[in-house]
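The structure appears below as structure tokens.
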Amino acid sequence: MTLIRTQSDVYYQIKPSKLQELKVLLEASKGNSLYDFGNRNFGNRFMVPQEPHTIWSTYTIRFTNTQIYKLLKKSIGIIENTEEYAEYLLNSVFVEEKSKNYSLPPGTLRLYSQELICFYNGKTWRKISL
């Protein structure tokens with residue numbers, strides 16, 4: 001029997017800057033293709049569960065390009081009228097790359113499992129669903 005574990009520092013992260021790339025994929029009729037999460041590095045490090053017969057829930061995540069696009073649009077739609085998002089947009093346009101002081105832009109998604117998806121609202125992480 002295989003156990004599937006979810007852990008807070010094991011996730012896939014998708015930043016709002018991927019929105020345009022996803023839009024291009026959708027226009028190229030690749031909306032129903034599975035989203036390519038790239039390598040299996042999660043969070044800040046590559047992790048292997050220590051328990052035998054255990055895998056991370058992130059290995060079981062399967063979303064299409066359309067689903068990821070909708071999640072990103074939804075997260076941006078929730079935060080687009082906030083002070084944090086306005087500050088992020090202004091900084092991304094007018095501040096030099098070296099002096100930018102944000103590590104995560106508002107609207108960033110973190111996928112921990114197929115059912116547990118969160119987005120960053122500029123202050124905290126909130127759960128979001130399709």
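Chain labels run A, B, ... following the order of the structure tokens; each chain numbers its residues from 1, and ligands are numbered from 1 in the order shown.
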Non-local contacts of A:Lys15 (12 Å; only C-alpha atoms; under 4 positions in same chain excluded) as a VMD selection string = chain A and resid 19 to 22 68 to 69 71 to 73 75 to 76 103 to 111 118 to 120
task = Find the residues around A:Thr60 up to 9 Å (only C-alpha atoms counted), leave out those fewer than 4 positions away in its own chain, and share them as number ranges by chain.
result = A: 4, 55-56, 113-114
Test item: residues at most 12 Å from A:Glu87, only C-alpha atoms, excluding those fewer than 3 positions along its chain, as a list in words = Ile79, Glu80, Asn81, Thr82, Glu83, Glu84, Leu90, Asn91, Ser92, Val93, Phe94, Val95, Lys100, Asn101, Tyr102, Pro105, Pro106 and Gly122 of chain A
task = Considering only C-alpha atoms, state which residue in the set A:Tyr88, A:Ile78, A:Asn121, A:Ser29 is at the smallest distance from A:Thr64.
result =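 Closest to A:Thr64, using only C-alpha atoms: A:Ser29.
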key: Secondary structure check, strand (DSSP E) residues of chain A, as a ChimeraX atom specification   = /A:3-5,12-14,54-56,109-111,117-120,125-128
